[in-house]
Every structure is written in C-alpha cells, then in structure tokens.
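Just below is one structure, and these are the notes that go with it.
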Amino acid sequence: MKDWFIYIRQNIFNHEGRARRSEFVWFQIMNVLSQIVFLSMLIGIILITFPSNLYLNSEPYAYFVVGVLSLIFIYQLWMFLVYLGVTTRRLHDLGWSGWWQLVIVLPTIVISIFLMIMQTGGVNHREERIYLSLIALYALFVFGIFGILFFKEGKIGANQYGEDPKAEERIVQPFSEQIVEENSVNR
C-alpha cells in the first residue's frame, strides 16, 4: 500500500503510459486517508487553542493558523497534480484520452464558484434549490465515473498509450492455472 503511494508520488508529472486499477484505487484510498489526517490535525489545533480567548485575538495565533492553512493548501495543490497524472494514466489504460478528466475537473470549478456565490447571499432560495439539485446530479455523475475508473478492466494488450501493465500477469496466470489443473488430475 505504501509502495503504491510512493510510486505515484514519484510519477507526479508522468502523463505517459498506463496505470492499473490497483494504482488508481490505492492512490484514492491513501489520498482520502491523508486528507482525514490533515483535517483532523487542523481541527485539533483549532480546538486546543479555541478555549483561550487570549490566543484567539492575538497576532501569533493568526499567523499560526494562516501557516497551517498554507501548508494544507500546498499539500492539496500537490495532490491535485498527482491526481491529474494518475487519472490520466488510468484513462489511458481504458483506452481513453487523459483530457476526459476535464469532464470532472471543470464542472467542479464551476460548482465551487456557485457555492461561493451562494455563501455571499447573491442567490434566492429558489435558485439555491436548483443549484443544489444540479450539484447532487453532478455528484452522482462523478460517482459513476469513479465507479468506471475503479472497477472497469483496462484494455487487454498494448494500445495507443503503451503496453498493458498486466501483460506479465496475463502470461503467467494461464500457466499457473494449467499446473493446478494437472496437479488435481494426478491425485
């Protein structure tokens, strides 16, 4: 598990070739776990210092919180770059162009802008319900896309993006199954 995450981090800007399902899934699992750890640390820091009003209004506390948020933002940006690379390679394994991930990324940016507009109070309740309904439909769409990326078998054999990353396993597996069958017949 740790090896996959290190491998993926070392290939941040590698948009060539193909990524197996396991590489993509392990990246997503490790990314979610690391996000939980970072957010837990941030919440813990805020909760530890929150009871003291003395620190809340002080300048060092503000610098500390800004520093922690800056580190989290840098980590998020880095993980987004890693996400782009691993998703591109996973799409290549399915035989699709890496540009298809814009179907997920661009609407996410638009939705973020709508959420910011809603937070400023620039939307009435009817529009807010419409936006939230569209966001829910989009979330279902994204879950469907991730379902494909998580569970769909990659193209067998070489494709325009490179060799099959499971080619060695596909060669060894039938041979090992044949040995098992021979052993069961000999008993």
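Residue numbers start at 1 in each chain; chains themselves are named A, B, ... in the order of the structure tokens; ligands are numbered from 1 in the order shown.
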
Per-residue DSSP, region 51-167 of chain A, filtered to helix (DSSP H, G or I), as a short mmCIF file (atom, residue, chain, number, x, y, z; two decimals) with N, CA and C atoms, in the first residue's frame:
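Everything below was put into part-v5.cif:
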data_model
loop_
_atom_site.label_atom_id
_atom_site.label_comp_id
_atom_site.auth_asym_id
_atom_site.auth_seq_id
_atom_site.Cartn_x
_atom_site.Cartn_y
_atom_site.Cartn_z
N ASN A 53 -9.56 32.68 24.88
CA ASN A 53 -9.81 33.90 24.12
C ASN A 53 -8.56 34.76 24.00
N LEU A 54 -7.63 34.56 24.91
CA LEU A 54 -6.39 35.32 24.88
C LEU A 54 -5.64 35.06 23.58
N TYR A 55 -5.64 33.78 23.14
CA TYR A 55 -4.88 33.43 21.94
C TYR A 55 -5.65 33.73 20.65
N LEU A 56 -6.98 33.69 20.72
CA LEU A 56 -7.77 33.88 19.51
C LEU A 56 -7.55 35.24 18.87
N GLU A 59 -1.96 38.10 17.50
CA GLU A 59 -1.33 38.05 16.18
C GLU A 59 -0.58 36.74 15.94
N PRO A 60 0.16 36.20 16.93
CA PRO A 60 0.85 34.93 16.68
C PRO A 60 -0.11 33.79 16.33
N TYR A 61 -1.28 33.76 16.99
CA TYR A 61 -2.25 32.72 16.68
C TYR A 61 -2.72 32.84 15.23
N ALA A 62 -2.98 34.06 14.79
CA ALA A 62 -3.43 34.27 13.41
C ALA A 62 -2.35 33.82 12.43
N TYR A 63 -1.10 34.15 12.71
CA TYR A 63 -0.01 33.71 11.83
C TYR A 63 0.11 32.19 11.82
N PHE A 64 -0.09 31.58 12.99
CA PHE A 64 -0.02 30.12 13.10
C PHE A 64 -1.10 29.47 12.25
N VAL A 65 -2.34 29.95 12.37
CA VAL A 65 -3.45 29.37 11.62
C VAL A 65 -3.23 29.57 10.12
N VAL A 66 -2.78 30.76 9.74
CA VAL A 66 -2.50 31.02 8.33
C VAL A 66 -1.40 30.10 7.83
N GLY A 67 -0.38 29.85 8.66
CA GLY A 67 0.70 28.94 8.28
C GLY A 67 0.20 27.52 8.07
N VAL A 68 -0.63 27.05 8.99
CA VAL A 68 -1.18 25.69 8.87
C VAL A 68 -2.06 25.59 7.63
N LEU A 69 -2.92 26.58 7.42
CA LEU A 69 -3.77 26.57 6.23
C LEU A 69 -2.95 26.65 4.95
N SER A 70 -1.85 27.38 4.97
CA SER A 70 -0.98 27.45 3.79
C SER A 70 -0.35 26.10 3.49
N LEU A 71 0.09 25.40 4.54
CA LEU A 71 0.66 24.06 4.34
C LEU A 71 -0.38 23.10 3.76
N ILE A 72 -1.59 23.19 4.27
CA ILE A 72 -2.66 22.32 3.77
C ILE A 72 -2.96 22.67 2.31
N PHE A 73 -2.97 23.96 1.98
CA PHE A 73 -3.22 24.36 0.59
C PHE A 73 -2.13 23.84 -0.34
N ILE A 74 -0.88 23.95 0.08
CA ILE A 74 0.24 23.45 -0.73
C ILE A 74 0.11 21.94 -0.93
N TYR A 75 -0.23 21.22 0.14
CA TYR A 75 -0.43 19.77 0.03
C TYR A 75 -1.57 19.45 -0.92
N GLN A 76 -2.67 20.20 -0.81
CA GLN A 76 -3.82 19.97 -1.70
C GLN A 76 -3.44 20.19 -3.16
N LEU A 77 -2.68 21.24 -3.42
CA LEU A 77 -2.25 21.54 -4.78
C LEU A 77 -1.35 20.42 -5.31
N TRP A 78 -0.43 19.97 -4.47
CA TRP A 78 0.46 18.88 -4.86
C TRP A 78 -0.33 17.61 -5.16
N MET A 79 -1.28 17.27 -4.30
CA MET A 79 -2.08 16.07 -4.51
C MET A 79 -2.97 16.20 -5.75
N PHE A 80 -3.39 17.42 -6.08
CA PHE A 80 -4.17 17.63 -7.30
C PHE A 80 -3.31 17.32 -8.52
N LEU A 81 -2.04 17.73 -8.50
CA LEU A 81 -1.14 17.43 -9.60
C LEU A 81 -0.90 15.92 -9.72
N VAL A 82 -0.77 15.26 -8.58
CA VAL A 82 -0.61 13.80 -8.58
C VAL A 82 -1.89 13.15 -9.13
N TYR A 83 -3.04 13.66 -8.70
CA TYR A 83 -4.33 13.14 -9.18
C TYR A 83 -4.42 13.24 -10.70
N LEU A 84 -4.01 14.38 -11.26
CA LEU A 84 -4.07 14.55 -12.71
C LEU A 84 -3.22 13.49 -13.42
N GLY A 85 -2.02 13.23 -12.89
CA GLY A 85 -1.14 12.24 -13.51
C GLY A 85 -1.69 10.83 -13.44
N VAL A 86 -2.11 10.41 -12.26
CA VAL A 86 -2.58 9.03 -12.10
C VAL A 86 -3.91 8.82 -12.83
N THR A 87 -4.77 9.83 -12.85
CA THR A 87 -6.03 9.69 -13.56
C THR A 87 -5.80 9.64 -15.07
N THR A 88 -4.85 10.44 -15.56
CA THR A 88 -4.52 10.39 -16.99
C THR A 88 -4.05 8.99 -17.37
N ARG A 89 -3.15 8.42 -16.56
CA ARG A 89 -2.64 7.08 -16.87
C ARG A 89 -3.74 6.03 -16.75
N ARG A 90 -4.65 6.20 -15.80
CA ARG A 90 -5.77 5.25 -15.66
C ARG A 90 -6.70 5.34 -16.87
N LEU A 91 -6.98 6.55 -17.33
CA LEU A 91 -7.80 6.70 -18.53
C LEU A 91 -7.10 6.10 -19.73
N HIS A 92 -5.78 6.23 -19.80
CA HIS A 92 -5.02 5.61 -20.89
C HIS A 92 -5.18 4.09 -20.85
N ASP A 93 -5.20 3.51 -19.64
CA ASP A 93 -5.37 2.07 -19.52
C ASP A 93 -6.72 1.62 -20.07
N GLY A 98 -6.50 11.31 -21.76
CA GLY A 98 -6.45 11.91 -20.43
C GLY A 98 -7.26 13.18 -20.32
N TRP A 99 -7.58 13.80 -21.46
CA TRP A 99 -8.37 15.02 -21.45
C TRP A 99 -9.80 14.77 -20.96
N TRP A 100 -10.25 13.53 -20.92
CA TRP A 100 -11.60 13.22 -20.44
C TRP A 100 -11.79 13.58 -18.97
N GLN A 101 -10.69 13.72 -18.23
CA GLN A 101 -10.86 14.08 -16.83
C GLN A 101 -11.35 15.51 -16.65
N LEU A 102 -11.31 16.31 -17.72
CA LEU A 102 -11.88 17.65 -17.66
C LEU A 102 -13.38 17.60 -17.43
N VAL A 103 -14.01 16.47 -17.77
CA VAL A 103 -15.44 16.29 -17.52
C VAL A 103 -15.70 16.35 -16.01
N ILE A 104 -14.73 15.97 -15.21
CA ILE A 104 -14.86 16.03 -13.75
C ILE A 104 -14.32 17.34 -13.20
N VAL A 105 -13.16 17.77 -13.69
CA VAL A 105 -12.46 18.92 -13.10
C VAL A 105 -13.18 20.24 -13.38
N LEU A 106 -13.54 20.50 -14.63
CA LEU A 106 -14.14 21.80 -14.97
C LEU A 106 -15.48 22.05 -14.27
N PRO A 107 -16.42 21.09 -14.26
CA PRO A 107 -17.66 21.35 -13.52
C PRO A 107 -17.42 21.53 -12.01
N THR A 108 -16.40 20.89 -11.48
CA THR A 108 -16.08 21.07 -10.07
C THR A 108 -15.70 22.52 -9.79
N ILE A 109 -14.94 23.12 -10.69
CA ILE A 109 -14.56 24.53 -10.54
C ILE A 109 -15.80 25.41 -10.62
N VAL A 110 -16.68 25.13 -11.58
CA VAL A 110 -17.90 25.92 -11.72
C VAL A 110 -18.77 25.78 -10.48
N ILE A 111 -18.90 24.58 -9.96
CA ILE A 111 -19.70 24.36 -8.75
C ILE A 111 -19.10 25.11 -7.57
N SER A 112 -17.79 25.12 -7.46
CA SER A 112 -17.14 25.87 -6.38
C SER A 112 -17.47 27.35 -6.47
N ILE A 113 -17.49 27.89 -7.68
CA ILE A 113 -17.85 29.30 -7.85
C ILE A 113 -19.30 29.53 -7.44
N PHE A 114 -20.21 28.64 -7.84
CA PHE A 114 -21.61 28.78 -7.44
C PHE A 114 -21.76 28.72 -5.92
N LEU A 115 -21.01 27.83 -5.28
CA LEU A 115 -21.10 27.74 -3.82
C LEU A 115 -20.60 29.02 -3.17
N MET A 116 -19.56 29.63 -3.72
CA MET A 116 -19.08 30.91 -3.18
C MET A 116 -20.14 32.00 -3.36
N ILE A 117 -20.81 32.01 -4.50
CA ILE A 117 -21.87 32.99 -4.74
C ILE A 117 -23.01 32.78 -3.75
N MET A 118 -23.35 31.51 -3.51
CA MET A 118 -24.43 31.21 -2.57
C MET A 118 -24.05 31.65 -1.16
N GLN A 119 -22.78 31.53 -0.80
CA GLN A 119 -22.32 31.93 0.54
C GLN A 119 -22.41 33.44 0.74
N HIS A 125 -33.74 31.70 -2.62
CA HIS A 125 -33.95 30.30 -2.20
C HIS A 125 -34.31 29.38 -3.35
N ARG A 126 -35.09 29.87 -4.31
CA ARG A 126 -35.46 29.03 -5.45
C ARG A 126 -34.22 28.66 -6.27
N GLU A 127 -33.38 29.65 -6.56
CA GLU A 127 -32.15 29.40 -7.31
C GLU A 127 -31.21 28.48 -6.53
N GLU A 128 -31.19 28.67 -5.22
CA GLU A 128 -30.33 27.83 -4.38
C GLU A 128 -30.75 26.37 -4.49
N ARG A 129 -32.04 26.09 -4.46
CA ARG A 129 -32.51 24.71 -4.59
C ARG A 129 -32.15 24.13 -5.96
N ILE A 130 -32.27 24.94 -6.99
CA ILE A 130 -31.91 24.47 -8.33
C ILE A 130 -30.42 24.13 -8.39
N TYR A 131 -29.59 25.04 -7.86
CA TYR A 131 -28.14 24.80 -7.86
C TYR A 131 -27.79 23.55 -7.07
N LEU A 132 -28.42 23.40 -5.90
CA LEU A 132 -28.11 22.22 -5.08
C LEU A 132 -28.57 20.94 -5.75
N SER A 133 -29.69 20.99 -6.48
CA SER A 133 -30.16 19.81 -7.22
C SER A 133 -29.18 19.46 -8.33
N LEU A 134 -28.69 20.47 -9.04
CA LEU A 134 -27.70 20.23 -10.09
C LEU A 134 -26.40 19.68 -9.51
N ILE A 135 -26.01 20.19 -8.36
CA ILE A 135 -24.80 19.69 -7.71
C ILE A 135 -24.98 18.23 -7.32
N ALA A 136 -26.17 17.86 -6.81
CA ALA A 136 -26.43 16.47 -6.45
C ALA A 136 -26.38 15.56 -7.67
N LEU A 137 -26.97 16.00 -8.78
CA LEU A 137 -26.92 15.21 -10.02
C LEU A 137 -25.48 15.07 -10.51
N TYR A 138 -24.73 16.13 -10.42
CA TYR A 138 -23.33 16.09 -10.82
C TYR A 138 -22.55 15.12 -9.93
N ALA A 139 -22.83 15.14 -8.63
CA ALA A 139 -22.15 14.22 -7.71
C ALA A 139 -22.43 12.76 -8.10
N LEU A 140 -23.66 12.45 -8.46
CA LEU A 140 -23.99 11.10 -8.92
C LEU A 140 -23.23 10.75 -10.19
N PHE A 141 -23.13 11.71 -11.09
CA PHE A 141 -22.38 11.52 -12.32
C PHE A 141 -20.90 11.22 -12.02
N VAL A 142 -20.32 11.98 -11.10
CA VAL A 142 -18.91 11.78 -10.74
C VAL A 142 -18.72 10.42 -10.08
N PHE A 143 -19.65 10.01 -9.21
CA PHE A 143 -19.55 8.68 -8.61
C PHE A 143 -19.59 7.60 -9.68
N GLY A 144 -20.41 7.79 -10.71
CA GLY A 144 -20.45 6.84 -11.82
C GLY A 144 -19.13 6.78 -12.56
N ILE A 145 -18.52 7.94 -12.82
CA ILE A 145 -17.21 7.99 -13.49
C ILE A 145 -16.17 7.28 -12.64
N PHE A 146 -16.16 7.58 -11.33
CA PHE A 146 -15.18 6.92 -10.46
C PHE A 146 -15.45 5.43 -10.37
N GLY A 147 -16.72 5.03 -10.46
CA GLY A 147 -17.03 3.60 -10.50
C GLY A 147 -16.39 2.94 -11.70
N ILE A 148 -16.45 3.61 -12.85
CA ILE A 148 -15.81 3.07 -14.05
C ILE A 148 -14.30 2.99 -13.84
N LEU A 149 -13.72 4.06 -13.32
CA LEU A 149 -12.27 4.09 -13.12
C LEU A 149 -11.82 3.05 -12.09
N PHE A 150 -12.67 2.79 -11.08
CA PHE A 150 -12.31 1.84 -10.03
C PHE A 150 -12.46 0.39 -10.49
N PHE A 151 -13.50 0.09 -11.25
CA PHE A 151 -13.85 -1.31 -11.47
C PHE A 151 -13.70 -1.82 -12.90
N ALA A 167 0.42 -7.26 -18.51
CA ALA A 167 0.80 -8.23 -19.54
C ALA A 167 1.52 -9.43 -18.93
#

Between CA of Gly17 (chain A) and CA of Pro165 (chain A), what is the distance in Å, rounded to a tenth?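 Separating CA of Gly17 (chain A) from CA of Pro165 (chain A) is a distance of 8.8 Å.
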
Gly157 (chain A) environment, 12 Å, only C-alpha atoms, sequence neighbours closer than 5 positions dropped, as a list in words: Arg18, Asp93, Leu94, Gly95, Gly162, Glu163, Asp164, Pro165, Lys166, Ala167, Glu168, Glu169, Arg170 and Ile171 of chain A

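As for CA of Asn31 (chain A) and CA of Ala158 (chain A), they are spaced 29.0 Å apart.
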
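Relative to CA of Thr120 (chain A), CA of Ile45 (chain A) is found at 27.3 Å.
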